[in-house]
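Quick look at run.cif (mmCIF, C-alpha atoms):
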data_model
#
loop_
_atom_site.label_atom_id
_atom_site.label_comp_id
_atom_site.auth_asym_id
_atom_site.auth_seq_id
_atom_site.Cartn_x
_atom_site.Cartn_y
_atom_site.Cartn_z
CA MET A 12 181.00 60.76 -10.14
CA GLN A 13 182.50 62.82 -12.94
CA THR A 14 181.75 60.01 -15.39
CA ASP A 15 178.09 59.98 -14.32
CA THR A 16 177.87 63.75 -14.70
CA TYR A 17 179.48 63.60 -18.16
CA PHE A 18 177.10 60.82 -19.18
CA SER A 19 174.10 62.78 -17.90
CA ILE A 20 175.13 65.92 -19.80
CA THR A 21 175.76 63.92 -22.98
CA GLN A 22 172.40 62.19 -22.69
CA LYS A 23 170.65 65.52 -22.20
CA ILE A 24 172.34 67.00 -25.25
CA LEU A 25 171.53 64.00 -27.44
CA SER A 26 167.88 64.09 -26.33
CA GLN A 27 167.47 67.57 -27.83
CA ARG A 28 165.41 67.44 -31.03
CA VAL A 29 167.62 69.95 -32.81
CA VAL A 30 170.72 67.82 -32.12
CA GLN A 31 168.98 64.65 -33.31
CA THR A 32 167.71 66.33 -36.47
CA LEU A 33 171.03 67.94 -37.38
CA GLY A 34 172.88 64.73 -36.58
CA LEU A 35 170.63 62.63 -38.83
CA LEU A 36 170.83 65.18 -41.64
CA SER A 37 174.61 65.31 -41.34
CA PHE A 38 174.77 61.51 -41.55
CA TYR A 39 172.58 61.60 -44.65
CA ILE A 40 174.68 64.31 -46.31
CA VAL A 41 177.86 62.26 -45.76
CA PHE A 42 176.58 58.78 -46.60
CA GLY A 43 173.39 59.42 -48.59
CA GLU A 44 175.05 59.34 -51.99
CA HIS A 45 176.17 55.76 -51.32
CA LEU A 46 172.63 54.50 -50.63
CA PRO A 47 170.52 52.84 -53.34
CA LEU A 48 167.61 54.88 -54.76
CA PHE A 49 165.17 52.58 -52.92
CA TRP A 50 166.26 53.92 -49.53
CA HIS A 51 165.84 57.53 -50.59
CA ARG A 52 162.32 56.75 -51.76
CA ALA A 53 161.65 54.82 -48.54
CA PHE A 54 162.66 57.83 -46.42
CA TYR A 55 160.42 60.07 -48.53
CA SER A 56 157.49 57.64 -48.30
CA THR A 57 157.81 57.54 -44.51
CA SER A 58 157.72 61.33 -44.29
CA LEU A 59 154.62 61.51 -46.49
CA PHE A 60 152.94 58.84 -44.35
CA ILE A 61 153.68 60.81 -41.15
CA LYS A 62 152.37 64.00 -42.76
CA ASP A 63 149.13 62.34 -43.90
CA LEU A 64 148.47 60.91 -40.46
CA LEU A 65 149.09 64.32 -38.93
CA LEU A 66 146.73 66.07 -41.31
CA TRP A 67 144.00 63.54 -40.57
CA MET A 68 144.35 64.23 -36.84
CA MET A 69 144.51 68.01 -36.98
CA PRO A 70 140.83 69.10 -37.18
CA LEU A 71 140.00 67.06 -34.09
CA THR A 72 143.19 68.10 -32.31
CA VAL A 73 142.70 71.82 -32.98
CA GLY A 74 139.06 71.65 -31.87
CA VAL A 75 139.84 69.83 -28.64
CA PHE A 76 142.74 72.11 -27.65
CA ILE A 77 140.85 75.34 -28.36
CA ALA A 78 137.80 74.07 -26.44
CA HIS A 79 140.01 73.06 -23.51
CA THR A 80 141.71 76.48 -23.44
CA VAL A 81 138.50 78.55 -23.72
CA LYS A 82 136.86 76.37 -21.06
CA SER A 83 139.67 77.11 -18.62
CA PHE A 84 138.83 80.84 -18.60
CA LYS A 85 135.37 80.07 -17.15
CA ARG A 86 132.98 82.92 -16.27
CA GLY A 87 135.09 84.68 -13.66
CA ALA A 88 136.26 88.26 -14.30
CA PRO A 89 134.72 88.38 -17.81
CA LEU A 90 135.89 91.90 -18.66
CA PHE A 91 139.49 91.16 -17.64
CA LEU A 92 139.52 87.90 -19.61
CA LEU A 93 137.87 89.46 -22.65
CA THR A 94 140.40 92.30 -22.59
CA LEU A 95 143.26 89.81 -22.25
CA LEU A 96 141.96 87.66 -25.13
CA ILE A 97 141.57 90.64 -27.45
CA PHE A 98 145.00 91.95 -26.43
CA GLU A 99 146.70 88.60 -27.14
CA SER A 100 144.90 88.15 -30.46
CA THR A 101 145.85 91.66 -31.56
CA SER A 102 149.47 91.10 -30.53
CA ASN A 103 149.77 87.87 -32.51
CA PHE A 104 147.92 89.35 -35.50
CA LEU A 105 150.23 92.37 -35.65
CA SER A 106 153.26 90.07 -35.34
CA VAL A 107 152.17 88.12 -38.43
CA TRP A 108 151.80 91.32 -40.44
CA TYR A 109 155.12 92.63 -39.15
CA ALA A 110 156.65 89.44 -40.53
CA TYR A 111 154.92 90.13 -43.86
CA GLY A 112 156.51 93.59 -44.06
CA SER A 113 159.90 92.29 -42.89
CA ALA A 114 159.93 89.48 -45.43
CA THR A 115 158.85 91.88 -48.18
CA LEU A 116 161.71 94.23 -47.28
CA SER A 117 164.11 91.27 -47.25
CA GLY A 118 162.94 90.42 -50.75
CA HIS A 119 163.96 93.89 -51.97
CA ILE A 120 167.39 93.58 -50.36
CA ILE A 121 167.99 89.88 -51.10
CA PRO A 122 166.30 88.83 -54.38
CA LEU A 123 163.88 85.96 -53.72
CA ALA A 124 164.14 83.79 -56.80
CA MET A 125 161.75 80.91 -57.38
CA ILE A 126 163.04 77.55 -56.16
CA ALA A 127 162.50 74.83 -58.74
CA PRO A 128 163.65 71.21 -58.94
CA LYS A 129 166.55 70.51 -61.28
CA ALA A 130 165.47 66.96 -61.89
CA ALA A 131 162.20 65.07 -62.06
CA PRO A 132 160.92 64.25 -58.54
CA PHE A 133 160.81 60.60 -57.59
CA ASP A 134 157.62 58.94 -56.38
CA ALA A 135 156.81 57.54 -52.95
CA LEU A 136 156.82 53.78 -52.50
CA TRP A 137 153.55 53.79 -50.56
CA SER A 138 150.82 56.11 -49.24
CA LEU A 139 147.49 55.96 -47.46
CA PRO A 140 144.88 54.18 -49.61
CA PHE A 141 142.26 56.89 -49.02
CA SER A 142 142.26 60.66 -49.39
CA ARG A 143 141.19 63.27 -46.87
CA PRO A 144 137.84 64.97 -47.72
CA SER A 145 137.94 68.74 -48.26
CA TRP A 146 135.52 69.43 -45.40
CA TRP A 147 137.85 67.75 -42.87
CA SER A 148 140.04 70.81 -42.32
CA ALA A 149 141.68 72.71 -39.46
CA ASP A 150 139.46 75.81 -39.75
CA LYS A 151 136.36 73.70 -38.99
CA GLY A 152 138.09 72.46 -35.86
CA VAL A 153 138.82 76.05 -34.78
CA PHE A 154 135.17 77.13 -34.81
CA VAL A 155 133.82 73.89 -33.35
CA GLY A 156 136.39 74.13 -30.57
CA MET A 157 135.44 77.71 -29.76
CA ALA A 158 131.75 76.76 -29.60
CA LEU A 159 132.37 73.77 -27.32
CA GLY A 160 134.71 75.79 -25.10
CA LEU A 161 132.16 78.57 -24.60
CA LEU A 162 129.41 76.03 -23.96
CA SER A 163 131.49 74.34 -21.29
CA ALA A 164 132.67 77.62 -19.74
CA PHE A 165 129.19 79.10 -19.25
CA TRP A 166 127.03 76.03 -18.60
CA HIS A 167 129.50 73.74 -16.80
CA ILE A 168 128.39 70.49 -18.43
CA ALA A 169 130.28 67.89 -16.40
CA SER A 170 130.34 65.19 -19.08
CA LEU A 171 131.61 67.67 -21.70
CA GLU A 172 134.33 69.02 -19.40
CA LYS A 173 135.48 65.51 -18.56
CA SER A 174 135.54 64.48 -22.22
CA LEU A 175 137.48 67.60 -23.26
CA GLY A 176 140.03 67.03 -20.51
CA ALA A 177 140.55 63.38 -21.48
CA LEU A 178 140.76 64.14 -25.22
CA SER A 179 143.16 67.04 -24.63
CA TYR A 180 145.49 64.80 -22.62
CA PHE A 181 145.29 62.03 -25.24
CA MET A 182 146.00 64.36 -28.17
CA GLN A 183 148.87 66.04 -26.36
CA THR A 184 150.39 62.66 -25.57
CA VAL A 185 150.11 61.52 -29.19
CA LEU A 186 151.77 64.67 -30.50
CA THR A 187 154.48 65.15 -27.89
CA LYS A 188 155.30 61.47 -27.28
CA GLY A 189 154.63 60.31 -30.81
CA PHE A 190 154.93 62.85 -33.63
CA ALA A 191 157.44 65.09 -31.85
CA ARG A 192 159.84 62.15 -31.50
CA VAL A 193 159.81 61.39 -35.23
CA ILE A 194 160.62 64.96 -36.30
CA PRO A 195 164.18 63.95 -37.36
CA LEU A 196 162.80 61.11 -39.51
CA PHE A 197 160.08 63.36 -40.90
CA VAL A 198 162.63 65.98 -41.97
CA LEU A 199 165.02 63.33 -43.32
CA GLY A 200 162.51 62.02 -45.86
CA PHE A 201 161.89 65.40 -47.41
CA ALA A 202 165.60 66.21 -47.25
CA ALA A 203 166.14 63.09 -49.37
CA GLN A 204 163.49 64.24 -51.82
CA MET A 205 164.94 67.77 -52.02
CA THR A 206 168.46 66.40 -52.45
CA LYS A 207 167.45 64.21 -55.36
CA THR A 208 165.57 67.06 -57.05
CA GLY A 209 168.29 69.68 -56.46
CA LEU A 210 166.24 71.75 -54.02
CA LEU A 211 168.35 71.29 -50.89
CA SER A 212 171.43 73.12 -52.16
CA GLN A 213 169.27 76.07 -53.24
CA VAL A 214 167.60 76.22 -49.82
CA VAL A 215 170.90 76.22 -47.91
CA GLU A 216 172.35 78.95 -50.12
CA THR A 217 169.24 81.11 -49.78
CA TYR A 218 168.21 80.84 -46.15
CA THR A 219 171.51 81.34 -44.34
CA VAL A 220 171.52 85.11 -44.89
CA LEU A 221 167.76 85.40 -44.42
CA LEU A 222 167.90 83.76 -40.99
CA LEU A 223 170.42 86.38 -39.90
CA ALA A 224 168.07 89.07 -41.20
CA LEU A 225 165.21 87.51 -39.22
CA VAL A 226 167.22 87.80 -35.99
CA GLY A 227 167.61 91.51 -36.69
CA PHE A 228 163.89 92.00 -37.37
CA ILE A 229 162.88 90.17 -34.18
CA SER A 230 165.38 92.22 -32.15
CA LEU A 231 163.92 95.44 -33.58
CA TYR A 232 160.36 94.36 -32.75
CA LEU A 233 161.34 93.46 -29.18
CA SER A 234 163.01 96.87 -28.78
CA VAL A 235 159.77 98.59 -29.82
CA LEU A 236 157.74 96.50 -27.35
CA PHE A 237 160.07 97.39 -24.49
CA PHE A 238 159.99 101.04 -25.56
CA LEU A 239 156.17 100.95 -25.32
CA SER A 240 156.27 99.13 -21.99
CA ALA A 241 158.55 101.87 -20.63
CA GLY A 242 156.21 104.64 -21.78
CA GLY A 243 158.67 105.95 -24.35
CA SER A 244 161.54 106.51 -21.94
CA PRO A 245 164.93 105.30 -23.30
CA SER A 246 166.41 104.83 -19.81
CA LYS A 247 163.39 102.87 -18.60
CA THR A 248 163.50 100.82 -21.81
CA LEU A 249 167.00 99.61 -20.96
CA LYS A 250 165.89 98.93 -17.38
CA HIS A 251 162.92 96.85 -18.55
CA ILE A 252 165.13 94.85 -20.92
CA LYS A 253 167.64 94.22 -18.15
CA SER A 254 164.87 92.89 -15.88
CA LEU A 255 163.84 90.26 -18.46
CA LEU A 256 167.32 89.26 -19.67
CA PRO A 257 167.72 86.41 -17.11
CA ALA A 258 164.45 84.83 -18.29
CA GLY A 259 165.41 85.33 -21.94
CA ALA A 260 168.84 83.76 -21.43
CA LEU A 261 167.35 80.80 -19.59
CA ALA A 262 164.80 80.28 -22.38
CA LEU A 263 167.60 80.42 -24.96
CA THR A 264 169.42 77.53 -23.29
CA SER A 265 166.44 75.47 -22.13
CA GLY A 266 164.20 75.91 -25.18
CA CYS A 267 161.08 75.93 -22.98
CA SER A 268 158.89 78.93 -22.15
CA LEU A 269 157.01 77.12 -19.41
CA SER A 270 160.11 76.14 -17.44
CA THR A 271 161.23 79.78 -17.40
CA MET A 272 157.86 81.12 -16.23
CA PRO A 273 158.98 81.90 -12.64
CA TRP A 274 161.85 84.03 -14.00
CA THR A 275 159.52 85.69 -16.53
CA ILE A 276 157.06 86.60 -13.77
CA ALA A 277 159.89 87.87 -11.56
CA GLY A 278 161.37 89.99 -14.36
CA ALA A 279 158.02 91.38 -15.52
CA SER A 280 157.01 92.19 -11.92
CA LYS A 281 159.98 94.56 -11.59
CA ASN A 282 158.57 96.63 -14.46
CA MET A 283 154.93 96.65 -13.28
CA TYR A 284 152.92 99.22 -11.38
CA ASP A 285 151.07 96.29 -9.79
CA PRO A 286 153.62 93.43 -9.54
CA ASN A 287 150.89 90.90 -8.64
CA LEU A 288 149.25 91.39 -12.03
CA ALA A 289 152.17 89.55 -13.65
CA LYS A 290 151.17 86.40 -11.77
CA ALA A 291 147.79 86.48 -13.51
CA VAL A 292 148.89 87.61 -16.98
CA ILE A 293 152.10 85.63 -17.63
CA PRO A 294 150.65 82.11 -16.99
CA ALA A 295 147.61 82.93 -19.15
CA THR A 296 149.69 84.24 -22.05
CA THR A 297 152.84 82.10 -22.06
CA ASN A 298 151.59 79.58 -24.63
CA ILE A 299 149.20 81.88 -26.52
CA GLN A 300 150.97 85.20 -26.95
CA GLN A 301 154.13 83.99 -28.71
CA VAL A 302 155.45 86.97 -30.60
CA GLY A 303 158.79 85.44 -31.61
CA ASP A 304 157.11 82.28 -32.85
CA ALA A 305 154.49 84.24 -34.82
CA ILE A 306 157.08 86.47 -36.48
CA ALA A 307 159.48 83.63 -37.28
CA ASN A 308 156.89 81.23 -38.71
CA ALA A 309 155.11 83.91 -40.71
CA PHE A 310 158.51 85.05 -42.03
CA PHE A 311 159.39 81.45 -42.97
CA CYS A 312 156.02 80.95 -44.66
CA PHE A 313 156.34 84.14 -46.70
CA LEU A 314 159.81 83.24 -47.95
CA ILE A 315 158.98 79.61 -48.68
CA TYR A 316 155.81 80.62 -50.53
CA THR A 317 157.80 83.12 -52.61
CA HIS A 318 160.64 80.71 -53.35
CA PHE A 319 158.44 77.81 -54.40
CA PHE A 320 155.66 79.69 -56.23
CA GLY A 321 157.76 82.48 -57.72
CA LYS A 322 155.53 85.26 -56.32
CA THR A 323 154.78 86.89 -52.99
CA PRO A 324 151.52 86.06 -51.15
CA GLU A 325 148.69 88.44 -52.00
CA PRO A 326 147.54 90.68 -49.09
CA THR A 327 144.04 89.15 -49.26
CA LEU A 328 145.50 85.65 -48.96
CA TRP A 329 147.74 86.77 -46.11
CA LEU A 330 144.77 88.36 -44.32
CA THR A 331 142.83 85.08 -44.35
CA PHE A 332 145.92 83.17 -43.28
CA SER A 333 146.72 85.61 -40.46
CA VAL A 334 143.19 85.40 -39.00
CA VAL A 335 143.23 81.60 -38.87
CA PHE A 336 146.85 81.62 -37.67
CA THR A 337 145.88 83.93 -34.79
CA LEU A 338 142.88 81.79 -33.80
CA ALA A 339 145.00 78.65 -33.92
CA ARG A 340 147.39 80.09 -31.33
CA PHE A 341 144.65 79.39 -28.75
CA ALA A 342 144.85 75.72 -29.68
CA THR A 343 148.56 75.64 -28.88
CA ALA A 344 147.93 76.93 -25.34
CA ALA A 345 147.01 73.43 -24.15
CA MET A 346 150.11 71.86 -25.68
CA LEU A 347 153.60 71.25 -24.36
CA GLY A 348 156.29 70.70 -26.98
CA GLY A 349 154.18 69.98 -30.05
CA ALA A 350 152.52 73.29 -30.94
CA ILE A 351 154.12 73.42 -34.40
CA PHE A 352 152.05 70.42 -35.46
CA VAL A 353 148.85 72.41 -34.97
CA MET A 354 150.07 75.04 -37.43
CA LEU A 355 151.27 72.77 -40.26
CA PRO A 356 147.78 71.95 -41.66
CA ILE A 357 147.03 75.68 -41.77
CA TYR A 358 150.06 76.20 -43.98
CA GLU A 359 148.81 73.45 -46.28
CA SER A 360 145.17 74.59 -46.37
CA TYR A 361 145.64 78.36 -46.72
CA LEU A 362 149.07 78.77 -48.31
CA HIS A 363 148.87 75.53 -50.33
CA PHE A 364 152.17 74.18 -49.02
CA ASN A 365 153.24 70.77 -50.29
CA GLY A 366 155.23 68.16 -48.37
CA GLU A 367 158.62 69.66 -49.11
CA MET A 368 157.52 73.13 -48.04
CA ILE A 369 156.02 71.82 -44.78
CA ALA A 370 159.19 69.86 -44.04
CA LEU A 371 161.26 72.99 -44.66
CA VAL A 372 159.13 75.00 -42.20
CA LEU A 373 159.56 72.23 -39.65
CA ALA A 374 163.32 72.05 -40.17
CA LEU A 375 163.69 75.81 -39.81
CA ASN A 376 161.63 75.69 -36.61
CA VAL A 377 163.90 73.02 -35.17
CA VAL A 378 167.05 75.00 -35.97
CA PHE A 379 165.65 78.38 -34.93
CA ASP A 380 163.79 77.17 -31.81
CA PRO A 381 166.18 78.55 -29.11
CA ILE A 382 165.98 82.09 -30.53
CA VAL A 383 162.20 81.85 -31.00
CA THR A 384 161.67 80.63 -27.42
CA SER A 385 163.87 83.35 -25.97
CA SER A 386 162.10 86.07 -27.97
CA ASN A 387 158.71 84.68 -26.89
CA VAL A 388 159.69 85.06 -23.23
CA MET A 389 161.16 88.55 -23.64
CA ALA A 390 158.15 89.77 -25.62
CA ASN A 391 155.70 88.27 -23.14
CA GLY A 392 157.41 90.11 -20.30
CA ALA A 393 157.33 93.42 -22.18
CA LEU A 394 153.71 92.99 -23.27
CA CYS A 395 152.67 92.22 -19.70
CA ARG A 396 153.46 95.84 -18.80
CA VAL A 397 151.78 97.11 -22.01
CA PHE A 398 148.66 95.13 -21.08
CA GLU A 399 148.74 96.68 -17.60
CA ARG A 400 148.62 100.13 -19.18
CA VAL A 401 145.63 99.11 -21.31
CA TRP A 402 143.86 97.52 -18.33
CA GLN A 403 144.41 100.60 -16.15
CA LEU A 404 142.89 102.77 -18.89
CA ILE A 405 139.82 100.51 -19.16
CA LYS A 406 139.33 100.47 -15.40
CA ARG A 407 139.60 104.26 -15.30
CA GLU A 408 136.96 104.61 -18.03
CA ARG A 409 134.62 102.21 -16.22
CA SER A 410 135.10 104.09 -12.98
CA LEU A 411 134.18 107.40 -14.66
CA GLU A 412 131.11 105.81 -16.25
CA THR A 413 130.01 104.42 -12.87
CA GLN A 414 130.45 107.78 -11.19
CA GLY A 415 128.52 109.48 -13.98
CA ALA A 416 125.64 106.99 -13.63
CA GLU A 417 125.48 107.57 -9.87
CA VAL A 418 125.28 111.33 -10.36
#
What would the structure in this file look like if it were written as structure tokens?
Amino acid sequence: MQTDTYFSITQKILSQRVVQTLGLLSFYIVFGEHLPLFWHRAFYSTSLFIKDLLLWMMPLTVGVFIAHTVKSFKRGAPLFLLTLLIFESTSNFLSVWYAYGSATLSGHIIPLAMIAPKAAPFDALWSLPFSRPSWWSADKGVFVGMALGLLSAFWHIASLEKSLGALSYFMQTVLTKGFARVIPLFVLGFAAQMTKTGLLSQVVETYTVLLLALVGFISLYLSVLFFLSAGGSPSKTLKHIKSLLPAGALALTSGCSLSTMPWTIAGASKNMYDPNLAKAVIPATTNIQQVGDAIANAFFCFLIYTHFFGKTPEPTLWLTFSVVFTLARFATAAMLGGAIFVMLPIYESYLHFNGEMIALVLALNVVFDPIVTSSNVMANGALCRVFERVWQLIKRERSLETQGAEV
């Protein structure tokens, strides 16, 4: 019995993507220098091939997921849903700009020098024989998806709803059962490329301290959210945090926001004027309003952009990026376990990330995932109460307008 339990625990640990990725990278670090150059190039070629396939899929994937999410809101309670959508979009948008300010401050404290290869990069052994046209991009998928979702939500076209459901399931299966399982191999190829060009050692030296700084910035942001949820009362702030700590701890160990939803609802309900409202808000926002994820990824993108290009992103560039980033969060709502793949093409299209930069974002996501997931859950619980305050204000204004019209 004990042997079976030990085997089950071991199997569960080894099935974690972060363990697989770190294990494969550790193996490469120890034995990589003994491999012929051919194998390093083969790893790199495989990673490029996976990336190209992913980028080809993304416009369709983003469009389908956004359409499926918008469709699910339907026509019921339009004011409530519109308010919730605007609230979530604003929350994610502000998180991206908070990351911009945090990363800028980090740059003043920790000099962000340009990362450059120390040796000539080696070429891939193979690649796709055709290139992706410029018009086949993720932003087109965003707007097409929104249009199809609204069409389905208001006119209830049965054939369209059925097609969107089938395509959403297919795309999710491909990403979570296919691409998500090759994350370790994907990261390995670019790790080989960065090792051979001298980039990997620079990255390790640079990002260790910055990741610790990121934890501090996320903690500060969460504290502000709980302070707002408590109406500015320090004692209530601590009470609200305490109510959500079980959900946050569970998310830290499980790495899944969805599996912790009952605890998130229970914790948020304790802080609500209307506890039942949490049952409507939390499920609708769990995969869309991801504050920790938005801050972490925007922070990563800012630093990687600065390190590889030798300059910080211009505010105008960041504004365009943040708008598309915020819209793309609605595409991730229909996904379980593969949301990062929706965001990667946006980094390439708007921040001009190359393969090494995308692989670095992915590797940092894998390593940082437990903290990101936990902060997503804690922030969602705090923002549920903030949304209730906003919704109560809107209802009060509507009630006054109705009474005025009757008079």
Any chance you could work out the residue set of the PyMOL selection byres ((chain A and resi 42-59) around 9) here, as a compact mmCIF listing (two decimals) with C-alpha atoms, keeping the file's coordinate frame?
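selection.txt, freshly written:
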# COMPACT_ATOMS: atom_id res chain seq x y z
CA SER A 37 174.61 65.31 -41.34
CA PHE A 38 174.77 61.51 -41.55
CA TYR A 39 172.58 61.60 -44.65
CA ILE A 40 174.68 64.31 -46.31
CA VAL A 41 177.86 62.26 -45.76
CA PHE A 60 152.94 58.84 -44.35
CA ILE A 61 153.68 60.81 -41.15
CA LYS A 62 152.37 64.00 -42.76
CA ASP A 63 149.13 62.34 -43.90
CA LEU A 64 148.47 60.91 -40.46
CA PHE A 133 160.81 60.60 -57.59
CA ASP A 134 157.62 58.94 -56.38
CA ALA A 135 156.81 57.54 -52.95
CA LEU A 136 156.82 53.78 -52.50
CA TRP A 137 153.55 53.79 -50.56
CA SER A 138 150.82 56.11 -49.24
CA LEU A 196 162.80 61.11 -39.51
CA PHE A 197 160.08 63.36 -40.90
CA VAL A 198 162.63 65.98 -41.97
CA LEU A 199 165.02 63.33 -43.32
CA GLY A 200 162.51 62.02 -45.86
CA PHE A 201 161.89 65.40 -47.41
CA ALA A 202 165.60 66.21 -47.25
CA ALA A 203 166.14 63.09 -49.37
CA GLN A 204 163.49 64.24 -51.82
CA LYS A 207 167.45 64.21 -55.36
CA GLY A 366 155.23 68.16 -48.37
CA ALA A 370 159.19 69.86 -44.04
Give me the residues within 10 Å of Lys151 of chain A as a list in words, counting all atoms listed in the file and dropping any in the same chain fewer than 5 places off.
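So the residues in contact are Pro70, Leu71, Val73, Gly74, Trp146 and Gly156 of chain A.
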Best match for closeness to Glu359 of chain A among A:Ser230, A:Phe104, A:Phe332, A:Arg400, counting all atoms listed in the file
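Looking only at the distances to Glu359 of chain A, the closest residue turns out to be A:Phe332.
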Give me the residues within 12 Å of Glu325 of chain A as number ranges by chain, counting only C-alpha atoms and dropping any in the same chain fewer than 2 places off.
A: 111, 115, 313, 316-317, 320, 322-323, 327-332, 361-362
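Distance annotation: of A:Asn391, A:Ser170, A:Thr21, A:Gln300, the residue with the minimal separation from Ile97 of chain A is A:Gln300; atom set is only C-alpha atoms.
Across the model, the gap from atom CA of Gly34 of chain A to atom CA of Asn387 of chain A is 26.3 Å.
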For Phe336 of chain A, please output as a PyMOL selection string all residues within 12 Å (counting all atoms listed in the file; exclusion window: fewer than 6 positions along the same chain).
chain A and resi 73+100-101+103-108+149-150+153+299+301+304-306+308-309+312+329-330+342-343+351+353-358+360-362
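Minimum atom-to-atom distances from A:Thr337, A:Ser234, A:Thr32, A:Ser117 to Ala191 of chain A were compared using all atoms listed in the file, and the lowest value belongs to A:Thr32.
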Point-to-point distance in Å for atom CA of Ala390 of chain A and atom CA of Leu95 of chain A:
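Atom CA of Ala390 of chain A lies at a distance of 15.3 Å from atom CA of Leu95 of chain A.
Reported to one decimal place, the separation of atom CA of Phe98 of chain A from atom CA of Phe398 of chain A is 7.2 Å.
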Pick from A:Ser244, A:Asn287, A:Ser254, A:Thr72 nearest to Trp147 of chain A, counting all atoms listed in the file:
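Selected residue with least distance to Trp147 of chain A: A:Thr72.
Across the chains present, the PyMOL selection byres ((chain A and resi 394) around 10) applied to this file returns A:Phe98, A:Glu99, A:Ser102, A:Leu233, A:Leu236, A:Phe237, A:Leu239, A:Ser240, A:Ala279, A:Val292, A:Ile293, A:Thr296, A:Gln300, A:Val302, A:Val388, A:Met389, A:Ala390, A:Asn391, A:Gly392, A:Ala393, A:Cys395, A:Arg396, A:Val397, A:Phe398, A:Glu399, A:Arg400.
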Would you list the contacts of Ala260 of chain A as a PyMOL selection string, taking every protein, DNA or RNA residue within 10 Å and counting only C-alpha atoms, but skipping same-chain residues closer than 5 positions in sequence?
chain A and resi 255+265-266+271+381-382+384-386+388-389
Counting all atoms listed in the file, figure out which residue out of A:Leu222, A:Leu33, A:Leu256, A:Leu139 gets nearest to Gly278 of chain A.
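Of A:Leu222, A:Leu33, A:Leu256, A:Leu139, the one nearest Gly278 of chain A, counting all atoms listed in the file, is A:Leu256.
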Nearest candidate to Arg192 of chain A (options A:Gln403, A:Asn376, A:Thr94, A:Gln31; using only C-alpha atoms)
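That would be A:Gln31, the residue with the smallest distance to Arg192 of chain A.
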Neighbouring residues of Gly176 of chain A were defined as those with any atom within 10 Å, considering only C-alpha atoms; residues of the same chain fewer than 6 positions away were excluded. Please report them as an NGL selection string.
:A and (75-76 or 78-79 or 82 or 170)
Got a sec to resolve the PyMOL selection byres ((chain A and resi 221) around 10) on this structure and send the residues as an MDAnalysis selection string?
chainID A and resid 114 117:118 121 216:220 222:227 310:311 314
